[in-house]
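Data block for data00.txt (compact mmCIF, C-alpha atoms and all ligand atoms):
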# COMPACT_ATOMS: atom_id res chain seq x y z
CA MET P 85 -4.33 -54.77 -81.71
CA THR P 86 -2.78 -57.80 -80.01
CA GLU P 87 0.29 -58.65 -82.09
CA GLY P 88 1.43 -62.25 -82.68
CA PHE P 89 -1.47 -63.62 -80.71
CA ILE P 90 -2.11 -67.32 -80.20
CA ARG P 91 -5.28 -68.42 -81.95
CA ALA P 92 -7.80 -70.49 -80.00
CA GLU P 93 -7.03 -73.54 -82.12
CA HIS P 94 -3.44 -73.54 -80.81
CA LEU P 95 -4.17 -72.54 -77.24
CA THR P 96 -3.10 -75.04 -74.57
CA LEU P 97 -3.87 -75.51 -70.92
CA ALA P 98 -0.17 -74.97 -70.12
CA VAL P 99 -0.27 -71.47 -71.68
CA LEU P 100 -3.43 -70.58 -69.79
CA GLU P 101 -2.09 -71.91 -66.49
CA ASN P 102 1.12 -69.97 -66.83
CA ASP P 103 -0.56 -66.64 -67.59
CA PRO P 104 -4.03 -66.56 -69.17
CA TYR P 105 -4.26 -62.78 -69.52
CA PRO P 106 -2.42 -62.21 -72.85
CA ALA P 107 -4.46 -65.06 -74.36
CA PHE P 108 -7.68 -63.57 -72.97
CA ALA P 109 -6.86 -60.15 -74.47
CA ALA P 110 -6.30 -61.74 -77.89
CA LEU P 111 -9.46 -63.83 -77.66
CA GLN P 112 -11.52 -60.81 -76.60
CA GLU P 113 -10.32 -58.88 -79.61
CA HIS P 114 -10.32 -61.55 -82.31
CA GLU P 115 -12.34 -64.60 -81.16
CA PRO P 116 -14.58 -63.65 -78.22
CA VAL P 117 -16.48 -66.94 -78.44
CA ALA P 118 -13.90 -69.54 -79.41
CA TYR P 119 -13.69 -73.30 -79.57
CA VAL P 120 -10.40 -74.50 -78.03
CA PRO P 121 -9.64 -78.02 -79.30
CA SER P 122 -7.07 -78.82 -76.61
CA LEU P 123 -9.75 -78.28 -73.94
CA ASP P 124 -12.65 -79.51 -76.08
CA MET P 125 -14.47 -76.48 -74.78
CA TRP P 126 -15.67 -73.04 -75.86
CA LEU P 127 -14.12 -70.06 -74.11
CA VAL P 128 -16.26 -66.94 -73.72
CA THR P 129 -14.16 -63.94 -72.70
CA ARG P 130 -16.06 -60.64 -73.07
CA TRP P 131 -17.88 -59.23 -70.02
CA ASP P 132 -21.39 -59.07 -71.59
CA ASP P 133 -21.17 -62.59 -72.99
CA VAL P 134 -19.85 -64.10 -69.73
CA VAL P 135 -22.71 -62.45 -67.83
CA PHE P 136 -25.13 -63.80 -70.44
CA VAL P 137 -23.84 -67.36 -70.02
CA CYS P 138 -24.09 -67.16 -66.21
CA GLU P 139 -27.55 -65.61 -66.25
CA HIS P 140 -29.24 -67.89 -68.80
CA PRO P 141 -29.37 -71.38 -67.30
CA GLU P 142 -32.15 -72.28 -69.74
CA LEU P 143 -29.53 -71.99 -72.53
CA PHE P 144 -26.35 -72.83 -70.60
CA ARG P 145 -27.01 -75.39 -67.90
CA SER P 146 -24.94 -76.44 -64.89
CA ASN P 147 -26.43 -79.90 -64.96
CA THR P 148 -23.85 -81.00 -67.55
CA GLU P 149 -23.47 -84.44 -69.10
CA PRO P 150 -20.88 -85.80 -68.40
CA SER P 151 -20.14 -84.08 -65.08
CA TRP P 152 -16.89 -84.73 -63.20
CA LEU P 153 -18.27 -82.68 -60.35
CA ARG P 154 -21.36 -84.88 -60.00
CA ASP P 155 -19.38 -88.10 -60.54
CA CYS P 156 -17.01 -87.11 -57.76
CA LEU P 157 -19.24 -85.41 -55.17
CA GLY P 158 -22.70 -86.75 -55.98
CA GLU P 159 -25.52 -84.45 -57.04
CA ASN P 160 -25.22 -81.01 -55.42
CA MET P 161 -26.35 -77.41 -55.90
CA LEU P 162 -23.70 -76.71 -58.55
CA THR P 163 -24.85 -79.66 -60.69
CA LEU P 164 -28.51 -78.59 -60.63
CA ASP P 165 -30.44 -75.72 -62.21
CA GLY P 166 -33.73 -73.96 -61.44
CA ALA P 167 -35.98 -74.86 -58.49
CA PRO P 168 -34.03 -77.96 -57.29
CA HIS P 169 -30.89 -75.79 -57.19
CA ASP P 170 -32.63 -72.91 -55.42
CA ARG P 171 -34.01 -75.15 -52.68
CA LEU P 172 -30.49 -76.36 -51.83
CA ALA P 173 -28.75 -72.99 -52.20
CA ASP P 174 -31.38 -71.04 -50.21
CA GLY P 175 -31.40 -73.58 -47.40
CA MET P 176 -27.63 -74.02 -47.22
CA ARG P 177 -26.73 -70.31 -47.35
CA PRO P 178 -27.59 -69.09 -43.80
CA PRO P 179 -24.29 -70.10 -42.11
CA PHE P 180 -22.41 -67.94 -44.62
CA VAL P 181 -24.32 -64.65 -44.55
CA SER P 182 -23.95 -61.75 -42.13
CA SER P 183 -27.30 -62.22 -40.38
CA SER P 184 -26.16 -65.53 -38.85
CA ALA P 185 -22.38 -65.59 -39.33
CA LEU P 186 -21.59 -62.25 -37.71
CA PRO P 187 -20.71 -63.69 -34.25
CA VAL P 188 -18.32 -66.20 -35.88
CA VAL P 189 -16.72 -63.40 -37.90
CA ARG P 190 -16.51 -60.94 -34.98
CA GLU P 191 -15.14 -63.31 -32.36
CA GLY P 192 -14.53 -66.85 -33.61
CA LEU P 193 -12.37 -66.21 -36.65
CA PRO P 194 -10.05 -63.50 -35.24
CA ALA P 195 -9.27 -65.80 -32.28
CA LEU P 196 -8.53 -68.72 -34.63
CA TYR P 197 -6.32 -66.59 -36.86
CA ASP P 198 -4.42 -65.18 -33.87
CA GLU P 199 -3.81 -68.71 -32.64
CA LEU P 200 -2.33 -69.66 -36.02
CA ILE P 201 -0.10 -66.59 -35.90
CA ASP P 202 1.03 -67.56 -32.38
CA HIS P 203 2.32 -70.85 -33.81
CA PHE P 204 4.88 -69.18 -36.07
CA ALA P 205 5.41 -65.88 -34.22
CA ALA P 206 8.26 -67.18 -32.07
CA ASP P 207 10.16 -68.61 -35.06
CA ALA P 208 9.48 -65.39 -36.94
CA ALA P 209 10.81 -63.27 -34.08
CA GLY P 210 14.00 -65.36 -34.18
CA GLY P 211 14.47 -64.32 -37.81
CA ALA P 212 13.15 -67.50 -39.48
CA GLU P 213 11.60 -67.29 -42.93
CA ILE P 214 7.87 -68.17 -42.85
CA GLU P 215 5.90 -69.55 -45.78
CA LEU P 216 2.50 -67.95 -45.36
CA MET P 217 0.41 -70.25 -47.57
CA THR P 218 1.09 -73.35 -45.48
CA ALA P 219 1.51 -71.65 -42.10
CA TYR P 220 -1.48 -69.32 -42.36
CA ALA P 221 -3.67 -69.06 -45.47
CA GLU P 222 -4.39 -72.78 -45.85
CA PRO P 223 -5.17 -73.57 -42.19
CA LEU P 224 -7.29 -70.46 -41.77
CA ALA P 225 -9.39 -71.28 -44.82
CA ASN P 226 -10.08 -74.78 -43.49
CA LEU P 227 -10.76 -73.57 -39.95
CA SER P 228 -13.13 -70.85 -41.20
CA LEU P 229 -15.34 -73.23 -43.16
CA ALA P 230 -15.62 -75.59 -40.18
CA ALA P 231 -16.34 -72.68 -37.81
CA ALA P 232 -19.06 -71.24 -40.05
CA LEU P 233 -20.76 -74.62 -40.32
CA GLY P 234 -20.41 -75.24 -36.58
CA TRP P 235 -18.63 -78.49 -37.40
CA THR P 236 -16.04 -79.88 -34.98
CA VAL P 237 -13.34 -81.33 -37.19
CA ASP P 238 -9.54 -81.34 -37.28
CA TRP P 239 -8.52 -78.81 -39.94
CA ARG P 240 -5.70 -81.12 -41.09
CA ASP P 241 -8.23 -83.85 -41.96
CA LEU P 242 -10.34 -81.25 -43.73
CA ALA P 243 -7.29 -80.10 -45.69
CA ASP P 244 -6.54 -83.72 -46.73
CA TRP P 245 -10.12 -84.25 -47.89
CA ASN P 246 -10.04 -80.94 -49.74
CA ARG P 247 -6.96 -82.09 -51.68
CA GLY P 248 -8.47 -85.53 -52.34
CA VAL P 249 -11.80 -84.21 -53.54
CA CYS P 250 -10.12 -81.61 -55.76
CA THR P 251 -8.01 -84.40 -57.29
CA GLY P 252 -11.24 -86.19 -58.21
CA ILE P 253 -12.95 -83.14 -59.66
CA ALA P 254 -9.98 -82.54 -61.98
CA ASN P 255 -9.85 -86.20 -63.09
CA PHE P 256 -10.72 -85.38 -66.69
CA GLU P 257 -8.92 -88.45 -68.01
CA ASN P 258 -10.58 -90.93 -65.64
CA ASP P 259 -7.25 -91.92 -64.14
CA PRO P 260 -8.00 -94.77 -61.67
CA GLU P 261 -5.29 -93.56 -59.27
CA ARG P 262 -6.87 -90.12 -59.02
CA ALA P 263 -10.31 -91.71 -58.66
CA ALA P 264 -9.00 -93.82 -55.76
CA ILE P 265 -7.58 -90.74 -53.98
CA ALA P 266 -10.92 -88.97 -54.36
CA ALA P 267 -12.84 -92.04 -53.11
CA VAL P 268 -10.76 -92.13 -49.91
CA ALA P 269 -11.40 -88.41 -49.33
CA ASN P 270 -15.12 -88.73 -50.05
CA ALA P 271 -15.46 -91.66 -47.65
CA GLY P 272 -13.49 -89.83 -44.95
CA LEU P 273 -15.65 -86.76 -45.34
CA ALA P 274 -18.90 -88.74 -45.27
CA GLY P 275 -17.78 -90.61 -42.14
CA ALA P 276 -16.86 -87.38 -40.35
CA LEU P 277 -20.16 -85.75 -41.36
CA ASP P 278 -22.17 -88.78 -40.16
CA ALA P 279 -20.37 -88.53 -36.81
CA ALA P 280 -21.10 -84.77 -36.68
CA LEU P 281 -24.80 -85.39 -37.38
CA GLU P 282 -24.88 -88.00 -34.61
CA ARG P 283 -23.34 -85.46 -32.21
CA GLY P 284 -26.16 -83.05 -33.11
CA GLU P 285 -24.01 -80.69 -35.23
CA LEU P 286 -25.25 -79.23 -38.55
CA GLN P 287 -28.75 -79.18 -37.02
CA SER P 288 -29.78 -76.10 -38.99
CA TYR P 289 -29.53 -78.19 -42.15
CA VAL P 290 -31.41 -81.12 -40.60
CA GLU P 291 -34.15 -78.75 -39.39
CA ARG P 292 -34.55 -77.39 -42.91
CA GLY P 293 -35.43 -80.92 -44.03
CA PHE P 294 -32.27 -81.79 -45.95
CA THR P 295 -31.50 -85.51 -46.21
CA ARG P 296 -28.21 -86.96 -45.03
CA ASP P 297 -27.03 -87.32 -48.66
CA GLU P 298 -27.96 -83.75 -49.51
CA ILE P 299 -25.98 -82.51 -46.52
CA VAL P 300 -22.97 -84.73 -47.31
CA ASN P 301 -22.85 -83.93 -51.03
CA ASN P 302 -23.23 -80.18 -50.58
CA ILE P 303 -20.68 -79.97 -47.80
CA ARG P 304 -18.36 -81.93 -50.11
CA LEU P 305 -18.97 -79.14 -52.62
CA MET P 306 -18.13 -76.52 -49.97
CA VAL P 307 -14.96 -78.42 -49.08
CA SER P 308 -13.91 -78.51 -52.73
CA GLY P 309 -15.01 -74.94 -53.53
CA GLY P 310 -14.87 -72.96 -50.31
CA ILE P 311 -11.31 -73.51 -49.08
CA ASN P 312 -8.81 -72.98 -51.90
CA GLU P 313 -10.44 -69.73 -52.98
CA PRO P 314 -10.17 -67.85 -49.68
CA ARG P 315 -6.68 -69.32 -49.26
CA ASP P 316 -5.68 -67.97 -52.67
CA GLY P 317 -7.51 -64.71 -51.97
CA VAL P 318 -5.53 -64.14 -48.76
CA ALA P 319 -2.28 -64.94 -50.55
CA ALA P 320 -3.12 -62.73 -53.55
CA VAL P 321 -4.00 -59.72 -51.40
CA MET P 322 -0.84 -60.17 -49.31
CA TRP P 323 1.23 -60.47 -52.48
CA VAL P 324 -0.29 -57.27 -53.87
CA LEU P 325 0.31 -55.42 -50.59
CA LEU P 326 3.88 -56.65 -50.39
CA THR P 327 4.79 -55.77 -53.97
CA MET P 328 2.81 -52.72 -55.15
CA PRO P 329 4.86 -49.64 -54.26
CA GLY P 330 3.41 -47.63 -51.39
CA LEU P 331 0.27 -49.75 -51.03
CA MET P 332 1.14 -51.36 -47.69
CA GLN P 333 1.83 -47.97 -46.15
CA SER P 334 -1.40 -46.52 -47.55
CA VAL P 335 -3.39 -49.35 -45.94
CA ARG P 336 -1.57 -48.92 -42.63
CA ASP P 337 -2.35 -45.17 -42.73
CA GLU P 338 -5.94 -45.70 -43.80
CA PRO P 339 -7.16 -49.18 -42.81
CA ALA P 340 -10.53 -48.69 -44.52
CA LEU P 341 -8.65 -48.89 -47.87
CA LEU P 342 -8.18 -52.62 -47.36
CA ARG P 343 -11.71 -53.38 -48.56
CA LYS P 344 -10.92 -51.64 -51.87
CA VAL P 345 -7.62 -53.48 -52.15
CA ILE P 346 -9.45 -56.79 -51.72
CA GLU P 347 -12.08 -56.00 -54.37
CA GLU P 348 -9.50 -54.73 -56.86
CA THR P 349 -7.33 -57.81 -56.26
CA PHE P 350 -10.32 -60.11 -56.90
CA ARG P 351 -10.97 -58.23 -60.15
CA TRP P 352 -7.37 -58.04 -61.26
CA MET P 353 -6.46 -61.63 -60.37
CA SER P 354 -9.63 -63.62 -59.84
CA PRO P 355 -9.13 -66.83 -57.82
CA VAL P 356 -11.74 -68.72 -59.90
CA GLY P 357 -11.22 -68.65 -63.67
CA THR P 358 -14.46 -69.92 -65.15
CA ALA P 359 -18.11 -70.78 -64.71
CA THR P 360 -18.49 -73.83 -66.94
CA ARG P 361 -21.84 -74.76 -68.45
CA GLN P 362 -23.28 -76.88 -71.26
CA ALA P 363 -25.20 -75.53 -74.25
CA VAL P 364 -28.74 -76.94 -74.00
CA ALA P 365 -29.40 -76.48 -77.74
CA ASP P 366 -27.61 -74.99 -80.75
CA THR P 367 -27.14 -71.41 -79.52
CA GLU P 368 -25.77 -68.22 -81.05
CA LEU P 369 -23.57 -66.04 -78.87
CA ALA P 370 -21.85 -62.89 -80.20
CA GLY P 371 -22.68 -64.10 -83.69
CA VAL P 372 -21.01 -67.49 -83.21
CA ARG P 373 -22.99 -70.75 -83.34
CA ILE P 374 -22.28 -73.07 -80.41
CA PRO P 375 -23.54 -76.62 -81.04
CA ALA P 376 -25.90 -78.28 -78.55
CA GLY P 377 -24.03 -80.26 -75.90
CA SER P 378 -20.84 -78.17 -76.06
CA LEU P 379 -19.08 -77.28 -72.84
CA VAL P 380 -18.90 -73.49 -72.53
CA ALA P 381 -16.58 -71.76 -70.07
CA GLY P 382 -17.63 -68.26 -69.13
CA CYS P 383 -14.19 -66.88 -68.29
CA LEU P 384 -14.78 -64.77 -65.19
CA SER P 385 -11.16 -63.71 -64.92
CA ALA P 386 -11.19 -62.58 -68.57
CA ALA P 387 -14.41 -60.59 -68.08
CA ASN P 388 -12.77 -58.90 -65.10
CA ARG P 389 -10.16 -57.50 -67.50
CA ASP P 390 -12.35 -56.80 -70.52
CA PRO P 391 -11.42 -53.34 -71.90
CA ARG P 392 -15.06 -52.92 -72.95
CA ARG P 393 -15.92 -52.85 -69.23
CA TRP P 394 -12.77 -51.52 -67.52
CA THR P 395 -10.38 -48.69 -68.38
CA ARG P 396 -6.75 -49.90 -68.47
CA PRO P 397 -7.92 -53.31 -67.25
CA ASP P 398 -4.42 -54.74 -66.67
CA GLU P 399 -3.61 -51.98 -64.22
CA PHE P 400 -4.25 -52.49 -60.52
CA SER P 401 -5.97 -49.27 -59.45
CA LEU P 402 -7.82 -48.21 -56.33
CA GLN P 403 -9.26 -45.23 -58.22
CA ARG P 404 -11.80 -47.34 -60.15
CA ARG P 405 -15.45 -46.31 -60.03
CA GLU P 406 -16.58 -48.89 -62.55
CA GLY P 407 -18.75 -51.09 -60.38
CA ALA P 408 -18.73 -54.72 -59.39
CA HIS P 409 -16.47 -57.49 -60.71
CA LEU P 410 -17.38 -61.08 -61.53
CA ALA P 411 -14.96 -62.94 -59.24
CA PHE P 412 -17.93 -64.50 -57.41
CA ALA P 413 -19.84 -65.02 -60.70
CA THR P 414 -23.44 -63.91 -61.26
CA GLY P 415 -26.78 -65.60 -61.76
CA GLU P 416 -28.19 -68.47 -59.78
CA HIS P 417 -24.83 -70.08 -58.96
CA ARG P 418 -23.27 -66.87 -57.68
CA CYS P 419 -20.96 -67.83 -54.83
CA LEU P 420 -22.71 -69.07 -51.71
CA GLY P 421 -19.79 -68.12 -49.46
CA GLU P 422 -19.15 -64.67 -50.95
CA TRP P 423 -19.75 -62.69 -47.76
CA LEU P 424 -17.82 -65.07 -45.54
CA GLY P 425 -14.99 -65.31 -48.09
CA ARG P 426 -14.54 -61.54 -48.12
CA GLN P 427 -14.53 -61.44 -44.31
CA GLN P 428 -11.91 -64.20 -44.15
CA VAL P 429 -9.58 -62.34 -46.47
CA ARG P 430 -10.07 -59.03 -44.67
CA LEU P 431 -9.60 -60.47 -41.18
CA ALA P 432 -6.63 -62.61 -42.19
CA VAL P 433 -4.79 -59.63 -43.65
CA GLU P 434 -5.75 -57.30 -40.79
CA ARG P 435 -4.48 -59.72 -38.12
CA LEU P 436 -1.21 -60.24 -39.96
CA LEU P 437 -0.51 -56.54 -40.54
CA HIS P 438 -1.43 -55.76 -36.95
CA ARG P 439 1.03 -58.33 -35.55
CA PHE P 440 3.91 -57.73 -37.93
CA PRO P 441 4.64 -54.09 -38.76
CA SER P 442 7.74 -54.94 -40.81
CA ILE P 443 6.47 -57.92 -42.84
CA ARG P 444 8.40 -58.28 -46.12
CA LEU P 445 8.85 -60.77 -48.95
CA THR P 446 12.05 -62.79 -49.09
CA ARG P 447 11.70 -64.54 -52.46
CA PRO P 448 10.06 -63.85 -55.80
CA VAL P 449 6.49 -65.11 -55.94
CA GLU P 450 5.25 -67.49 -58.63
CA VAL P 451 1.61 -67.12 -59.58
CA ARG P 452 -0.10 -69.96 -61.47
CA GLY P 453 -3.41 -71.29 -62.60
CA PHE P 454 -6.24 -70.94 -65.07
CA GLU P 455 -9.24 -72.48 -63.32
CA PHE P 456 -7.82 -71.67 -59.88
CA ARG P 457 -5.21 -68.94 -59.81
CA GLY P 458 -3.04 -67.67 -57.00
CA PRO P 459 0.51 -67.47 -55.63
CA LEU P 460 2.15 -70.87 -55.15
CA ALA P 461 4.00 -69.75 -52.04
CA LEU P 462 4.68 -66.55 -50.10
CA HIS P 463 7.98 -66.52 -48.20
CA VAL P 464 8.25 -63.64 -45.75
CA ARG P 465 10.25 -62.34 -42.83
CA LEU P 466 8.27 -60.88 -39.99
CA ASP P 467 10.87 -59.74 -37.43
C1 LIG J 1 -13.24 -65.96 -51.18
C2 LIG J 1 -13.13 -66.48 -52.31
C3 LIG J 1 -14.17 -67.17 -53.14
C4 LIG J 1 -14.30 -67.02 -54.49
C5 LIG J 1 -13.47 -66.12 -55.38
C6 LIG J 1 -15.40 -67.87 -54.91
C7 LIG J 1 -15.85 -67.95 -56.21
C8 LIG J 1 -16.97 -68.67 -56.61
C9 LIG J 1 -17.49 -68.69 -57.95
C10 LIG J 1 -16.90 -67.94 -59.14
C11 LIG J 1 -18.60 -69.47 -57.96
C12 LIG J 1 -19.50 -69.79 -59.15
C13 LIG J 1 -19.08 -71.08 -59.82
C14 LIG J 1 -19.93 -71.37 -61.03
O1 LIG J 1 -20.87 -70.63 -61.32
O2 LIG J 1 -19.64 -72.37 -61.72
C15 LIG J 1 -18.78 -69.98 -56.62
C16 LIG J 1 -19.78 -70.82 -56.23
C17 LIG J 1 -19.85 -71.40 -54.98
N1 LIG J 1 -19.06 -71.10 -53.90
FE1 LIG J 1 -17.55 -69.73 -53.81
N2 LIG J 1 -15.89 -68.52 -53.82
C18 LIG J 1 -15.20 -68.12 -52.71
C19 LIG J 1 -15.43 -68.53 -51.41
C20 LIG J 1 -16.34 -69.49 -51.03
C21 LIG J 1 -16.55 -69.94 -49.68
C22 LIG J 1 -15.82 -69.43 -48.43
C23 LIG J 1 -17.51 -70.89 -49.71
C24 LIG J 1 -18.02 -71.62 -48.51
C25 LIG J 1 -19.06 -72.33 -48.43
C26 LIG J 1 -17.94 -71.04 -51.10
C27 LIG J 1 -18.90 -71.92 -51.58
C28 LIG J 1 -19.44 -71.90 -52.85
C29 LIG J 1 -20.55 -72.75 -53.27
C30 LIG J 1 -21.27 -73.79 -52.42
C31 LIG J 1 -20.82 -72.43 -54.60
C32 LIG J 1 -21.91 -73.00 -55.51
C33 LIG J 1 -23.12 -72.08 -55.45
C34 LIG J 1 -24.30 -72.56 -56.27
O3 LIG J 1 -24.16 -73.50 -57.06
O4 LIG J 1 -25.38 -71.96 -56.13
N3 LIG J 1 -17.21 -70.17 -51.87
N4 LIG J 1 -17.78 -69.47 -55.81
What's the structure tokens form of this structure?
Ligand code: HEM
Amino acid sequence: MTEGFIRAEHLTLAVLENDPYPAFAALQEHEPVAYVPSLDMWLVTRWDDVVFVCEHPELFRSNTEPSWLRDCLGENMLTLDGAPHDRLADGMRPPFVSSSALPVVREGLPALYDELIDHFAADAAGGAEIELMTAYAEPLANLSLAAALGWTVDWRDLADWNRGVCTGIANFENDPERAAIAAVANAGLAGALDAALERGELQSYVERGFTRDEIVNNIRLMVSGGINEPRDGVAAVMWVLLTMPGLMQSVRDEPALLRKVIEETFRWMSPVGTATRQAVADTELAGVRIPAGSLVAGCLSAANRDPRRWTRPDEFSLQRREGAHLAFATGEHRCLGEWLGRQQVRLAVERLLHRFPSIRLTRPVEVRGFEFRGPLALHVRLD
């Protein structure tokens, strides 16, 4: 029984951003399908129901009305359902799966990551404190997306556009200042992609018959959804390794354990909080009637700690034999960059541990976020 729990009607975004897990536990027990007035949205928190929402686009569609994502990026695979979605997702996936991305992952990415490490290694050897999010996780996430796409672009520009586009996607109140920031980022991105197409880059997408707008809008989606998550994933796994007693040593002794650490971290602290859809018609879920047109958030991070699915869900444990988590969602919008994302996190951590045998945290780590969750900063010493 969750004592003194906050009811959905009093739940706020601030509470969820600070730490959503106690609220999720209470919702799962008392109000598994709950309307939250402060978000004007229904939160679905139990594993089976979240899977149901993700896997029934005929009842819960991605093509929502209104759609901040579509307003900001233009129509893209995550604002479409069914065949129009599948055409885009199937054709845009090849650069991110092992059959074509293996050379980039084997040679390209480790070299890029080592180069980033070289930039701060000298300072680190002199005893300086290094902040790993800005020095490592953020640049590597930007560089990896560009490398996978075969797109020659300065990662700092990409990082600026990523921030601008994300500002636009979260512009729920239609703030003109935020809209202006997003417009600058969108124009910068489109200009850089036009130049790349003129140079003959991104040809695999052209050859598959995608129009210029389809390429631009979907790469905008990748820039907004394929950079922060691996960045936060790298930071989360490093945080876990640096704080869970004995874990770092176990991984050094048995490097193959790292894959398990990554999967358990994604379950235990999922970088993406929700898959948000719209009820197509009045729909009943877990005995609760959701009116047509309602926004419905399938809470992936809640499902990943549902006690109906996981034993002692709040515990980080490498002993689990309970199957897959939902950090990359399920159904037709399941993450396009899932394979590459996992490789980025694994390689990033491997390179860092290899170079710095005595890496240690120097300050407490603050973790934040509901929709996107991860450490805010990771200060370490590496000498
Ligand atoms: C490594 C950490 C990552 C996590 C945890 C993650 C998580 C997710 C989740 C939960 C979704 C589903 C969203 C929804 O259904 O509303 C998604 C979709 C998507 N992700 Fe990722 N992602 C990651 C990395 C990446 C990367 C590296 C890319 C690079 C391209 C990427 C591109 C996309 C795209 C394009 C979609 C939309 C797919 C569709 O609509 O069919 N993601 N991701």
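Minimum atom-to-atom distance to P:Ser288, evaluated using all atoms listed in the file, belongs to P:Arg177 out of P:His114, P:Arg457, P:Arg177, P:His438.
Remark: for P:Leu97, the closest of the candidate residues P:Ala365, P:Ala109, P:Leu466, P:Val120 is P:Val120 (distances computed over only C-alpha atoms).
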Calculated over all atoms listed in the file, which of the candidates P:Gly284, P:Pro260, P:Gly252, P:Gly458 has the smallest distance to P:Thr349? P:Gly458
Kindly provide, as a PyMOL selection string, all nucleotide and amino acid residues lying within 7 Å of ligand LIG 1 (chain J), counting only C-alpha atoms and all ligand atoms. chain P and resi 138+161-162+169+173+180+229+302+305-306+309-311+313-314+317+350+354-356+358-360+411-413+416-422+424-426+429
Write out as a PyMOL selection string each polymer residue whose atoms come within 10 Å of P:Cys156, counting only C-alpha atoms; drop sequence neighbours fewer than 2 positions from it. chain P and resi 151-154+158-159+249-255+263+266-267+270+301+304-305
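Closest approach to P:Val135 among P:Val451, P:Val464, P:Cys383, P:Leu200: P:Cys383, based on all atoms listed in the file.
Within 12 Å of P:Thr148, once all atoms listed in the file are used and residues closer than 2 positions along the same chain are dropped, the contacting residues are P:Pro141, P:Leu143, P:Phe144, P:Arg145, P:Ser146, P:Pro150, P:Ser151, P:Trp152, P:Leu153, P:Arg154, P:Asp155, P:Glu159, P:Leu162, P:Thr163, P:Leu164, P:Asp165, P:Thr360, P:Arg361, P:Gln362, P:Ala363, P:Val364, P:Ala376, P:Gly377, P:Ser378, P:Leu379, P:Val380.
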Length of the atom CA of P:Pro448 to atom CA of P:Asp467 vector [Å]: 18.8 Å
